[in-house]
Amino acid sequence: MDNQQPEGSIIKFKNEKDEEELIERQNLVTVLPGPEGECHSQVIHVTSSGGTSIQEVCISKAVYSPLPSWDYEAHNIHVIVSTKSGTETAGKFYSQALEPVLKALFHKRDFSTNVHYTESANTIKELTTEVLWPKANNGEKLLVILLSGDGGVIDMVNAMLSKQPSVAYRAPKVAIFPMGTGNALAHSIGTTKDNTSGLSILARGKPLPLPIFKAIFSPGARMLVDEARREEELPKDSTGTPNLHGAVVCSWGMHATLVADSDTAEYRKFGVERFKMAAKEALYPADGSSPHPYKARVSVIRKGETEWQSIPRDEHMYVLATLVSNLEKTFVISPASQPLDGNLRLVHFGPTSGDEAMRIMGLAYQGGKHIDEPAVGYENIERLRIQFNDLEDDGRWRRICIDGTIVRLEKDGWVEVAVEKRHVLDVLSVANEL
Ligand SMILES: Nc1ncnc2c1ncn2[C@@H]1O[C@H](COP(=O)(O)OP(=O)(O)OP(=O)(O)O)[C@@H](O)[C@H]1O
C-alpha cells in the first residue's frame, strides 16, 4: 500500500492486520519509521476533533512511507508544564497526549528527569536562567517543549536576554503547546491550523527565529503584580533604562485596560471569554457614561522612514502594536502579519461609543475586517512612542500591556517600542512547512 496522497484531506493506509484505516489529515501528527527490523511504519494521529477537549493519541502500524522531520533527535529535551496557564489543563495534556508522542519520537531516550512543572510565577524564568541559559550559551542543541500561554515564551525570552551571550550561544528551539488563554503566538504561527494542538508541529514543524520587540520606559514606570496589589521595578538594561521584551503586543487604551482588569483568578476561570467580559465593562461604564478617551501623544516611525510622525489626535481608544496576526484563535488583529515575519504593525482608532468600539472589534473576529474601516489606522512601523505629558491624572489610564504584563507609567511617563535585533529563541512553526 502506498501513501502518496499527502495533500488530500483523508489519509488511507493498511494496518498490520491488512485492514484499511482512514484518518483525517487534520488529525495526523506524523509517520515514523518502524522500530529496527520492522517493515511497518508508525502512523501517529489523534482521535478527537481538537476543540477544548484533550486529544487521544493513537499509533497505528502501517505500510506507509515515513514523513520528513527536522533533526529533533539530536537535541537535549526539556519539557515545561505551566500548571496555572489558562484553565489549568497543561498537566493533563502532557500525560494524555504529549507523553505518548514523545515516547514514540524519542523511543531510545529517557527524558523523564527533564520534565519540569511550574510551582510559581517565577519557575520558567528561574529554569531558563539556571538550566537552559548555560546550556544554550555553551552551544548545546536544546529543544524546549513548552506547555503554556504566551507568558511562558515571554518569560523565556526575557530571561535569555538578561544575560550577555558568548559567541557559542545557540538559540534553543521551542515547541509551543497552546495551554494559555489567548495563545496569540501559537495561533499566529499556525499551531492550531490542524487538530493536533501542536503535536504535528513538534514532529514536522520548521524552526525559525522568533521576532521580538524591546519596550523601554521612563524611570517611574512600575510593573503591576499580584493582581495589581503590588508594584515592582522593571529590569534595567546596560544603560540603566527600564525595559521589557515581548513577542506579541504592546498596547495602551482599551486593550491594555481589558487585559489588566481581567487578570484576576476570578476572571481567569472564564478562559478566553474573560477578555470580552472585561471589554464590556470598560466600554459600558456602570454610571452610563461614554468609554474613557485615553489621552497621550502617540508617535511612530513608519517602516522605511527615519522621522518621528505624530498620530494627529491626542485622544485615543485603541493603540496596539503587534508582531503577530492573531491575539486569539479567531481574533485577527493584524491580517497582513505572516508567521514570524518580524514586522511591527500598529492598529489604532480614536474615542468612540461603546457600541461602535464593539462593532469595530467584532470585525476583527471576521478575519481582520476592522482594518478596512475608515476610522481604523493600520500601519507597518519601525517604532512607537506613547508620551503622557501630564494629560492623564488617573494611573488607571496610564497602563501599558506588554504581552500581558501590565506596566503603569508616571504622569509625564513614556514608553518606546522597537523591534529587537537579537535572536534568542527559534520556534517551530508551519511557516515553510517541511
Ligand atoms: N504553579 C504556578 N503558581 C503560580 N503561578 C503560576 C504557576 N504556573 C504558572 N503560573 C503563572 O501563570 C501565568 C500563566 O500565564 P500564561 O501566559 O502561560 O497563560 P495565560 O495568561 O492563561 O495565557 P495567555 O498569555 O496566552 O493569554 C504566568 O504568569 C505564570 O507565571
# chains A, B, ... in the order shown; residues from 1 in each chain; ligands from 1
call {"tool": "residues_near_ligand", "arguments": {"ligand": "ligand 1", "cutoff": "6 Å", "atoms": "only C-alpha atoms and all ligand atoms", "output": "list of chain:residue names"}}
result
A:Ser82, A:Thr83, A:Lys84, A:Ser85, A:Gly86, A:Thr118, A:Glu119, A:Ser120, A:Ala121, A:Asn122, A:Ser148, A:Gly149, A:Asp150, A:Gly151, A:Gly152, A:Gly180, A:Thr181, A:Gly182, A:Asn183
call {"tool": "write_last_selection", "arguments": {"atoms": "C-alpha atoms", "output": "short mmCIF file (atom, residue, chain, number, x, y, z; two decimals), in the first residue's frame"}}
result
data_model
loop_
_atom_site.label_atom_id
_atom_site.label_comp_id
_atom_site.auth_asym_id
_atom_site.auth_seq_id
_atom_site.Cartn_x
_atom_site.Cartn_y
_atom_site.Cartn_z
CA SER A 82 2.92 25.55 33.16
CA THR A 83 0.37 24.29 35.63
CA LYS A 84 -1.60 27.51 36.07
CA SER A 85 -1.81 28.63 32.44
CA GLY A 86 -5.30 29.13 31.01
CA THR A 118 5.84 25.18 37.33
CA GLU A 119 5.48 25.81 41.04
CA SER A 120 5.25 29.58 40.98
CA ALA A 121 5.00 32.51 38.60
CA ASN A 122 8.82 32.57 38.57
CA SER A 148 1.86 27.36 28.42
CA GLY A 149 0.27 30.51 27.07
CA ASP A 150 2.23 33.43 25.69
CA GLY A 151 3.51 34.21 29.19
CA GLY A 152 5.85 31.21 29.27
CA GLY A 180 -2.92 29.56 27.98
CA THR A 181 -5.86 31.86 27.49
CA GLY A 182 -5.10 33.92 24.37
CA ASN A 183 -2.21 31.84 22.97
#
call {"tool": "residues_around", "arguments": {"residues": "A:Ala296", "least_positions_apart": "4", "cutoff": "8 Å", "atoms": "only C-alpha atoms", "output": "ChimeraX atom specification"}}
result
/A:314-316,386-389,391-392
call {"tool": "write_last_selection", "arguments": {"atoms": "N, CA and C atoms", "output": "compact mmCIF listing (two decimals), in the first residue's frame"}}
result
# COMPACT_ATOMS: atom_id res chain seq x y z
N ASP A 314 -4.85 63.71 20.15
CA ASP A 314 -4.30 63.42 21.47
C ASP A 314 -5.27 62.60 22.32
N GLU A 315 -6.39 62.16 21.71
CA GLU A 315 -7.32 61.27 22.41
C GLU A 315 -7.48 60.01 21.58
N HIS A 316 -7.48 58.88 22.30
CA HIS A 316 -7.44 57.60 21.60
C HIS A 316 -8.35 56.60 22.32
N ILE A 386 4.65 56.41 23.09
CA ILE A 386 3.46 56.94 23.75
C ILE A 386 3.96 57.80 24.90
N GLN A 387 3.54 59.05 24.90
CA GLN A 387 4.08 60.00 25.87
C GLN A 387 2.91 60.68 26.58
N PHE A 388 2.86 60.61 27.91
CA PHE A 388 1.66 61.07 28.60
C PHE A 388 1.60 62.58 28.82
N ASN A 389 2.71 63.24 28.94
CA ASN A 389 2.71 64.72 29.01
C ASN A 389 1.70 65.27 30.04
N LEU A 391 -1.21 64.42 30.68
CA LEU A 391 -2.58 64.53 30.14
C LEU A 391 -3.57 63.64 30.89
N GLU A 392 -3.07 62.64 31.63
CA GLU A 392 -3.96 61.72 32.36
C GLU A 392 -3.63 61.75 33.85
call {"tool": "residues_around", "arguments": {"residues": "A:Arg345", "least_positions_apart": "4", "cutoff": "12 Å", "atoms": "only C-alpha atoms", "output": "JSON, numbers by chain"}}
result
{"A": [213, 248, 249, 250, 251, 300, 301, 302, 303, 319, 320, 321, 322, 323, 324, 325, 333, 334, 335, 336, 337, 338, 341, 371, 377, 378, 379, 380, 381, 382, 383, 384, 417, 418, 419]}
call {"tool": "select_by_dssp", "arguments": {"residues": "stretch 80-239 of chain A", "states": "strand (DSSP E or B)", "output": "number ranges by chain"}}
result
A: 80-81, 115-117, 142-148, 173-178, 206-209, 212-217, 222-225, 230-232, 236
call {"tool": "select_by_dssp", "arguments": {"residues": "stretch 90-217 of chain A", "states": "alpha helix (DSSP H)", "output": "number ranges by chain"}}
result
A: 90-93, 99-105, 123-127, 133-137, 150-161, 184-188, 199-204
call {"tool": "closest_residue", "arguments": {"among": "A:Gly253, A:Gly205, A:Gly413, A:Gly198", "to": "A:Val347", "atoms": "only C-alpha atoms"}}
result
A:Gly253
call {"tool": "closest_residue", "arguments": {"among": "A:Val174, A:Val259, A:Ser69, A:Lys61", "to": "A:Glu273", "atoms": "only C-alpha atoms"}}
result
A:Val259
call {"tool": "closest_atom_pairs", "arguments": {"of": "stretch 35-111 of chain A", "to": "stretch 11-29 of chain A", "cutoff": "7 Å", "atoms": "only C-alpha atoms", "output": "Markdown table"}}
result
| residue | atom | partner | partner_atom | distance |
| --- | --- | --- | --- | --- |
| A:Ile44 | CA | A:Val29 | CA | 5.3 |
| A:His45 | CA | A:Leu28 | CA | 4.4 |
| A:Val46 | CA | A:Asn27 | CA | 5.2 |
| A:Thr47 | CA | A:Asn27 | CA | 6.8 |
| A:Ser60 | CA | A:Asn15 | CA | 6.6 |
| A:Lys61 | CA | A:Asn15 | CA | 5.4 |
| A:Ala62 | CA | A:Asn15 | CA | 4.3 |
| A:Val63 | CA | A:Lys14 | CA | 6.3 |
| A:Tyr64 | CA | A:Phe13 | CA | 6.8 |
call {"tool": "write_last_selection", "arguments": {"atoms": "N, CA and C atoms", "output": "JSON list (two decimals), in the first residue's frame"}}
result
[["chain", "number", "residue", "atom", "x", "y", "z"],
["A", 44, "ILE", "N", 1.12, 8.18, 13.60],
["A", 44, "ILE", "CA", 0.68, 8.76, 14.87],
["A", 44, "ILE", "C", -0.41, 9.78, 14.56],
["A", 45, "HIS", "N", -1.56, 9.60, 15.20],
["A", 45, "HIS", "CA", -2.66, 10.54, 14.95],
["A", 45, "HIS", "C", -3.50, 10.71, 16.19],
["A", 46, "VAL", "N", -4.35, 11.74, 16.16],
["A", 46, "VAL", "CA", -5.22, 11.98, 17.32],
["A", 46, "VAL", "C", -6.64, 11.62, 16.92],
["A", 47, "THR", "N", -7.46, 11.35, 17.90],
["A", 47, "THR", "CA", -8.81, 10.92, 17.56],
["A", 47, "THR", "C", -9.88, 11.99, 17.80],
["A", 60, "SER", "N", -0.85, 3.71, 14.90],
["A", 60, "SER", "CA", -1.21, 2.54, 14.08],
["A", 60, "SER", "C", 0.03, 2.07, 13.33],
["A", 61, "LYS", "N", 0.16, 0.76, 13.23],
["A", 61, "LYS", "CA", 1.25, 0.23, 12.40],
["A", 61, "LYS", "C", 0.73, 0.15, 10.97],
["A", 62, "ALA", "N", 1.54, 0.59, 10.01],
["A", 62, "ALA", "CA", 1.04, 0.64, 8.64],
["A", 62, "ALA", "C", 2.18, 0.53, 7.65],
["A", 63, "VAL", "N", 1.82, 0.11, 6.45],
["A", 63, "VAL", "CA", 2.79, 0.18, 5.36],
["A", 63, "VAL", "C", 2.59, 1.56, 4.76],
["A", 64, "TYR", "N", 3.48, 2.45, 5.06],
["A", 64, "TYR", "CA", 3.29, 3.87, 4.73],
["A", 64, "TYR", "C", 4.65, 4.55, 4.87]]
call {"tool": "residues_around", "arguments": {"residues": "A:Lys163", "least_positions_apart": "5", "cutoff": "12 Å", "atoms": "only C-alpha atoms", "output": "PyMOL selection string"}}
result
chain A and resi 128-130+133-134+136-137+156-158+169+235-238+422+424
call {"tool": "closest_residue", "arguments": {"among": "A:Val144, A:Ile201, A:Leu283, A:Val153", "to": "A:His245", "atoms": "only C-alpha atoms"}}
result
A:Val153
call {"tool": "atom_distance", "arguments": {"atom1": "atom CA of A:Met277", "atom2": "atom CA of A:Asp155"}}
result
26.4 Å
call {"tool": "closest_residue", "arguments": {"among": "A:Ser299, A:Ser218, A:Ser95, A:Thr352", "to": "A:Arg313", "atoms": "only C-alpha atoms"}}
result
A:Ser299
call {"tool": "atom_distance", "arguments": {"atom1": "atom CA of A:Ala279", "atom2": "atom CA of A:Trp414"}}
result
24.4 Å
call {"tool": "closest_residue", "arguments": {"among": "A:Leu143, A:Ala104, A:Cys39, A:Val31", "to": "A:Ser65", "atoms": "only C-alpha atoms"}}
result
A:Val31
call {"tool": "decode", "arguments": {"residues": "stretch 329-368 of chain A", "atoms": "N, CA and C atoms", "output": "short mmCIF file (atom, residue, chain, number, x, y, z; two decimals), in the first residue's frame"}}
result
data_model
loop_
_atom_site.label_atom_id
_atom_site.label_comp_id
_atom_site.auth_asym_id
_atom_site.auth_seq_id
_atom_site.Cartn_x
_atom_site.Cartn_y
_atom_site.Cartn_z
N LYS A 329 -7.61 32.63 18.80
CA LYS A 329 -7.72 31.79 17.61
C LYS A 329 -8.46 32.51 16.48
N THR A 330 -9.57 33.18 16.80
CA THR A 330 -10.35 33.81 15.73
C THR A 330 -10.29 35.33 15.77
N PHE A 331 -9.45 35.90 16.61
CA PHE A 331 -9.34 37.36 16.72
C PHE A 331 -8.11 37.80 15.92
N VAL A 332 -8.37 38.23 14.69
CA VAL A 332 -7.25 38.53 13.76
C VAL A 332 -6.97 40.03 13.83
N ILE A 333 -6.10 40.40 14.72
CA ILE A 333 -5.83 41.82 14.93
C ILE A 333 -5.02 42.42 13.78
N SER A 334 -4.14 41.62 13.15
CA SER A 334 -3.26 42.16 12.10
C SER A 334 -3.21 41.19 10.93
N PRO A 335 -4.22 41.28 10.04
CA PRO A 335 -4.33 40.26 8.99
C PRO A 335 -3.14 40.23 8.02
N ALA A 336 -2.38 41.33 7.93
CA ALA A 336 -1.23 41.33 7.00
C ALA A 336 -0.02 40.59 7.58
N SER A 337 -0.02 40.34 8.88
CA SER A 337 1.15 39.69 9.51
C SER A 337 1.24 38.22 9.10
N GLN A 338 2.40 37.82 8.65
CA GLN A 338 2.65 36.41 8.31
C GLN A 338 3.42 35.78 9.46
N PRO A 339 3.34 34.44 9.63
CA PRO A 339 4.05 33.82 10.76
C PRO A 339 5.52 34.25 10.82
N LEU A 340 5.92 34.82 11.94
CA LEU A 340 7.32 35.15 12.24
C LEU A 340 7.95 36.10 11.23
N ASP A 341 7.13 37.00 10.60
CA ASP A 341 7.70 37.89 9.56
C ASP A 341 8.48 39.06 10.15
N GLY A 342 8.38 39.29 11.45
CA GLY A 342 9.22 40.31 12.10
C GLY A 342 8.75 41.74 11.88
N ASN A 343 7.58 41.93 11.27
CA ASN A 343 7.07 43.30 11.08
C ASN A 343 6.22 43.72 12.28
N LEU A 344 6.47 44.96 12.73
CA LEU A 344 5.69 45.51 13.84
C LEU A 344 4.56 46.33 13.21
N ARG A 345 3.32 45.98 13.52
CA ARG A 345 2.20 46.69 12.90
C ARG A 345 1.36 47.36 13.98
N LEU A 346 0.91 48.57 13.64
CA LEU A 346 0.14 49.35 14.60
C LEU A 346 -1.32 49.42 14.15
N VAL A 347 -2.22 49.13 15.09
CA VAL A 347 -3.67 49.28 14.86
C VAL A 347 -4.14 50.35 15.83
N HIS A 348 -4.86 51.34 15.32
CA HIS A 348 -5.29 52.40 16.25
C HIS A 348 -6.58 53.06 15.80
N PHE A 349 -7.37 53.51 16.77
CA PHE A 349 -8.52 54.37 16.46
C PHE A 349 -8.83 55.28 17.64
N GLY A 350 -9.57 56.35 17.33
CA GLY A 350 -9.84 57.38 18.34
C GLY A 350 -11.06 57.06 19.18
N PRO A 351 -11.40 57.98 20.12
CA PRO A 351 -12.52 57.74 21.02
C PRO A 351 -13.82 57.55 20.25
N THR A 352 -14.63 56.65 20.75
CA THR A 352 -15.91 56.40 20.10
C THR A 352 -16.86 55.79 21.13
N SER A 353 -18.10 55.53 20.73
CA SER A 353 -19.08 54.97 21.68
C SER A 353 -18.75 53.50 21.95
N GLY A 354 -19.32 52.96 23.01
CA GLY A 354 -19.14 51.55 23.33
C GLY A 354 -19.64 50.67 22.19
N ASP A 355 -20.80 51.05 21.62
CA ASP A 355 -21.38 50.23 20.54
C ASP A 355 -20.45 50.21 19.32
N GLU A 356 -19.92 51.38 19.00
CA GLU A 356 -19.07 51.45 17.80
C GLU A 356 -17.74 50.68 18.04
N ALA A 357 -17.20 50.80 19.24
CA ALA A 357 -15.97 50.06 19.54
C ALA A 357 -16.23 48.55 19.46
N MET A 358 -17.38 48.12 19.97
CA MET A 358 -17.73 46.69 19.90
C MET A 358 -17.89 46.26 18.44
N ARG A 359 -18.50 47.11 17.64
CA ARG A 359 -18.69 46.76 16.22
C ARG A 359 -17.32 46.61 15.52
N ILE A 360 -16.42 47.58 15.78
CA ILE A 360 -15.11 47.52 15.12
C ILE A 360 -14.35 46.27 15.56
N MET A 361 -14.35 46.02 16.86
CA MET A 361 -13.61 44.85 17.34
C MET A 361 -14.26 43.55 16.89
N GLY A 362 -15.58 43.59 16.72
CA GLY A 362 -16.29 42.41 16.19
C GLY A 362 -15.78 42.05 14.80
N LEU A 363 -15.40 43.08 14.04
CA LEU A 363 -14.90 42.82 12.68
C LEU A 363 -13.55 42.09 12.71
N ALA A 364 -12.80 42.28 13.78
CA ALA A 364 -11.53 41.55 13.90
C ALA A 364 -11.80 40.05 13.99
N TYR A 365 -12.95 39.68 14.54
CA TYR A 365 -13.32 38.26 14.62
C TYR A 365 -13.80 37.73 13.26
N GLN A 366 -13.96 38.64 12.27
CA GLN A 366 -14.34 38.19 10.92
C GLN A 366 -13.11 38.25 10.01
N GLY A 367 -12.04 37.67 10.46
CA GLY A 367 -10.84 37.58 9.63
C GLY A 367 -10.03 38.86 9.55
N GLY A 368 -10.30 39.82 10.43
CA GLY A 368 -9.49 41.05 10.44
C GLY A 368 -10.06 42.16 9.58
#
